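Enquirer: my_file.txt (compact mmCIF, C-alpha atoms) pasted underneath:
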# COMPACT_ATOMS: atom_id res chain seq x y z
CA LEU A 79 -16.54 -25.35 -54.13
CA PRO A 80 -14.13 -27.99 -52.87
CA PRO A 81 -15.27 -30.12 -49.96
CA PHE A 82 -14.35 -28.86 -46.45
CA TRP A 83 -13.99 -25.34 -47.84
CA HIS A 84 -14.60 -23.79 -44.43
CA THR A 85 -11.70 -25.67 -42.80
CA HIS A 86 -9.08 -24.20 -45.16
CA THR A 87 -10.01 -20.54 -44.80
CA HIS A 88 -7.60 -20.00 -41.90
CA ILE A 89 -4.67 -19.95 -44.35
CA MET A 90 -5.79 -16.72 -45.99
CA VAL A 91 -7.17 -14.88 -42.91
CA LYS A 92 -4.88 -12.16 -41.53
CA GLY A 93 -5.17 -9.82 -38.55
CA GLY A 94 -7.60 -10.54 -35.80
CA ARG A 95 -6.77 -10.76 -32.13
CA GLY A 96 -3.43 -12.04 -30.86
CA GLY A 97 -1.75 -11.19 -34.14
CA GLY A 98 1.36 -13.36 -34.28
CA SER A 99 3.77 -12.15 -31.56
CA LYS A 100 2.70 -13.39 -28.12
CA LYS A 101 3.08 -10.81 -25.31
CA LYS A 102 4.63 -11.87 -22.01
CA ALA A 103 2.02 -12.20 -19.26
CA GLN A 104 1.89 -9.02 -17.14
CA SER A 105 0.58 -8.86 -13.58
CA LYS A 106 -2.16 -6.42 -12.59
CA SER A 107 0.35 -4.73 -10.30
CA ALA A 108 2.79 -4.23 -13.20
CA LYS A 109 0.02 -2.81 -15.38
CA ALA A 110 -0.94 -0.35 -12.65
CA GLY A 111 2.71 0.51 -11.90
CA LEU A 112 2.37 -0.66 -8.29
CA THR A 113 4.56 -2.74 -5.98
CA PHE A 114 1.78 -4.14 -3.78
CA PRO A 115 -0.20 -7.14 -5.14
CA VAL A 116 -3.40 -5.98 -6.87
CA ALA A 117 -4.72 -9.51 -7.51
CA ARG A 118 -4.25 -10.60 -3.88
CA ILE A 119 -5.99 -7.50 -2.51
CA GLY A 120 -8.79 -7.99 -5.06
CA ARG A 121 -9.20 -11.58 -3.91
CA ALA A 122 -9.31 -10.47 -0.26
CA LEU A 123 -11.91 -7.86 -1.20
CA ARG A 124 -14.04 -10.55 -2.85
CA THR A 125 -13.74 -13.01 0.04
CA MET A 126 -14.84 -10.27 2.46
CA ARG A 127 -18.19 -10.17 0.61
CA LEU A 128 -18.64 -6.39 0.97
CA ALA A 129 -20.60 -6.27 -2.30
CA LYS A 130 -21.98 -8.73 -4.84
CA ARG A 131 -19.75 -7.52 -7.69
CA TYR A 132 -16.51 -5.59 -8.14
CA GLY A 133 -15.22 -3.44 -10.98
CA ALA A 134 -11.71 -3.94 -12.30
CA GLY A 135 -10.55 -0.55 -10.98
CA GLY A 136 -11.59 -1.04 -7.35
CA PRO A 137 -8.78 -3.34 -6.19
CA VAL A 138 -6.24 -1.22 -8.13
CA TYR A 139 -7.34 1.97 -6.37
CA LEU A 140 -7.38 0.27 -2.95
CA THR A 141 -3.92 -1.20 -3.54
CA ALA A 142 -2.55 2.20 -4.57
CA VAL A 143 -3.94 3.78 -1.39
CA ILE A 144 -2.49 1.04 0.85
CA GLU A 145 0.89 1.25 -0.89
CA TYR A 146 0.97 5.04 -0.48
CA MET A 147 0.12 4.80 3.24
CA ALA A 148 2.81 2.16 3.79
CA ALA A 149 5.41 4.27 1.95
CA GLU A 150 4.48 7.34 4.00
CA VAL A 151 4.80 5.53 7.34
CA LEU A 152 8.05 3.81 6.28
CA GLU A 153 9.64 7.07 5.17
CA LEU A 154 8.87 8.83 8.46
CA ALA A 155 9.92 5.77 10.49
CA GLY A 156 13.18 5.62 8.52
CA ASN A 157 13.83 9.27 9.37
CA ALA A 158 13.10 8.51 13.05
CA ALA A 159 15.54 5.57 12.94
CA ARG A 160 18.21 7.78 11.36
CA ASP A 161 17.64 10.45 14.06
CA ASN A 162 18.35 7.75 16.67
CA LYS A 163 21.50 6.65 14.75
CA LYS A 164 20.01 3.26 13.87
CA SER A 165 19.98 1.50 10.50
CA ARG A 166 16.91 -0.64 11.24
CA ILE A 167 13.32 0.43 11.86
CA ILE A 168 11.91 -0.90 15.14
CA PRO A 169 8.33 -0.46 16.51
CA ARG A 170 9.54 2.50 18.59
CA HIS A 171 10.52 4.37 15.40
CA ILE A 172 7.10 3.68 13.84
CA THR A 173 5.39 5.06 16.98
CA LEU A 174 7.55 8.20 16.98
CA ALA A 175 6.89 8.70 13.27
CA VAL A 176 3.11 8.28 13.54
CA ARG A 177 2.60 10.32 16.72
CA ASN A 178 4.78 13.24 15.52
CA ASP A 179 2.87 13.50 12.21
CA GLU A 180 -0.42 15.36 12.64
CA GLU A 181 -2.41 13.59 9.90
CA LEU A 182 -1.09 10.07 10.59
CA ASN A 183 -1.71 10.58 14.31
CA LYS A 184 -5.34 11.46 13.56
CA PHE A 185 -5.70 8.51 11.16
CA LEU A 186 -4.14 6.02 13.60
CA GLY A 187 -5.65 7.65 16.69
CA GLY A 188 -7.16 4.48 18.16
CA VAL A 189 -4.23 2.25 17.19
CA THR A 190 -1.74 0.76 19.65
CA ILE A 191 1.65 -0.25 18.25
CA ALA A 192 3.13 -3.20 20.16
CA SER A 193 6.32 -2.32 22.10
CA GLY A 194 6.13 1.18 20.65
CA GLY A 195 6.13 3.20 23.88
CA VAL A 196 4.83 6.77 24.09
CA LEU A 197 6.06 10.21 23.04
CA PRO A 198 8.44 11.80 25.56
CA ASN A 199 6.23 14.42 27.24
CA ILE A 200 6.15 15.98 30.70
CA HIS A 201 3.29 18.34 31.53
CA SER A 202 4.48 21.88 32.39
CA VAL A 203 2.64 21.79 35.74
CA LEU A 204 4.79 18.86 36.88
CA LEU A 205 8.11 20.54 36.10
CA PRO A 206 10.09 21.95 39.12
CA LYS A 207 9.47 25.61 39.91
CA LYS A 208 11.98 28.22 38.75
CA SER A 209 13.51 29.69 41.93
CA LYS A 210 13.60 33.51 42.31
CA LYS A 211 17.36 33.74 43.01
CA GLU A 212 18.45 32.27 39.62
Let me see whether you can do it: turn the structure in this file into structure tokens.
Expert:
Amino acid sequence: LPPFWHTHTHIMVKGGRGGGSKKKAQSKSAKAGLTFPVARIGRALRTMRLAKRYGAGGPVYLTAVIEYMAAEVLELAGNAARDNKKSRIIPRHITLAVRNDEELNKFLGGVTIASGGVLPNIHSVLLPKKSKKE
């Protein structure tokens, strides 16, 4: 055997990991097909110290849930803005969207939206009486 035989073996070896073509780095969000940042939410989850260890799927699932909730609220608020002939969503539109949706209203029951106002509502007892002549 020639000296330093073990150093020259890499010439003949094929296959193995990272075979030739380097892949472009892909974010966790891109892998999961999400828009919200998986890595950032995972880091926040870790810094909160809710558990000693975290699986890889936890932050992905949480991010997907948060993204879905945001999309749901934004869609309803956009509809509310369009109903009021506005092109921009303001806090009032978010309030109208949340309070008119049964499930979101239950979910955000104890939440106050700054400068959101309240739903237009007058109790039937307070309305003027219908006169007999009309």
Enquirer: How far is it from CA of Asn157 in chain A to CA of Ile172 in chain A, in Å with one decimal?
Expert: 9.8 Å
Enquirer: Counting only C-alpha atoms, which residues in range 116-212 of chain A sit no more than 8 Å from range 100-111 of chain A? For each one, give the nearest pair of atoms and the distance in Å, sorted by chain then residue number, as a Markdown table.
Expert:
| residue | atom | partner | partner_atom | distance |
| --- | --- | --- | --- | --- |
| A:Val116 | CA | A:Ser107 | CA | 5.2 |
| A:Ala117 | CA | A:Lys106 | CA | 6.5 |
| A:Val138 | CA | A:Ala110 | CA | 7.0 |
Enquirer: Do you have the CA of Val176 in chain A-CA of Ile119 in chain A distance handy?
Expert: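 Result for CA of Val176 in chain A versus CA of Ile119 in chain A: 24.3 Å, one decimal.
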Enquirer: Need the shell around Ile144 in chain A: protein/DNA/RNA residues with any atom at most 12 Å away, counting only C-alpha atoms. Skip same-chain ones fewer than 3 positions apart. Format as a list in words?
Expert: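 Non-adjacent residues within range: Leu112, Thr113, Phe114, Pro115, Val116, Ile119, Pro137, Val138, Tyr139, Leu140, Thr141, Met147, Ala148, Ala149, Glu150 and Val151 of chain A.
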Enquirer: Just give me the gap between CA of Phe185 in chain A and CA of His201 in chain A in Å, one decimal is fine.
Expert: 24.3 Å
Enquirer: Which of these residues is nearest to Asn183 in chain A, using all atoms listed in the file: A:Leu197, A:Val203, A:Val143, A:Leu128?
Expert: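 Nearest candidate to Asn183 in chain A out of A:Leu197, A:Val203, A:Val143, A:Leu128: A:Leu197.
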Enquirer: Have a look at A:Thr125, A:Ile167, A:Gly188, A:Ser202 and name the one nearest to Glu153 in chain A; count all atoms listed in the file.
Expert: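 The shortest atom-to-atom distance to Glu153 in chain A comes from A:Ile167.
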Enquirer: Identify which of the residues A:Ala134, A:Ala175, A:Ile168, A:Val189 lies closest to Leu154 in chain A, counting all atoms listed in the file when measuring atom-to-atom distances.
Expert: A:Ala175
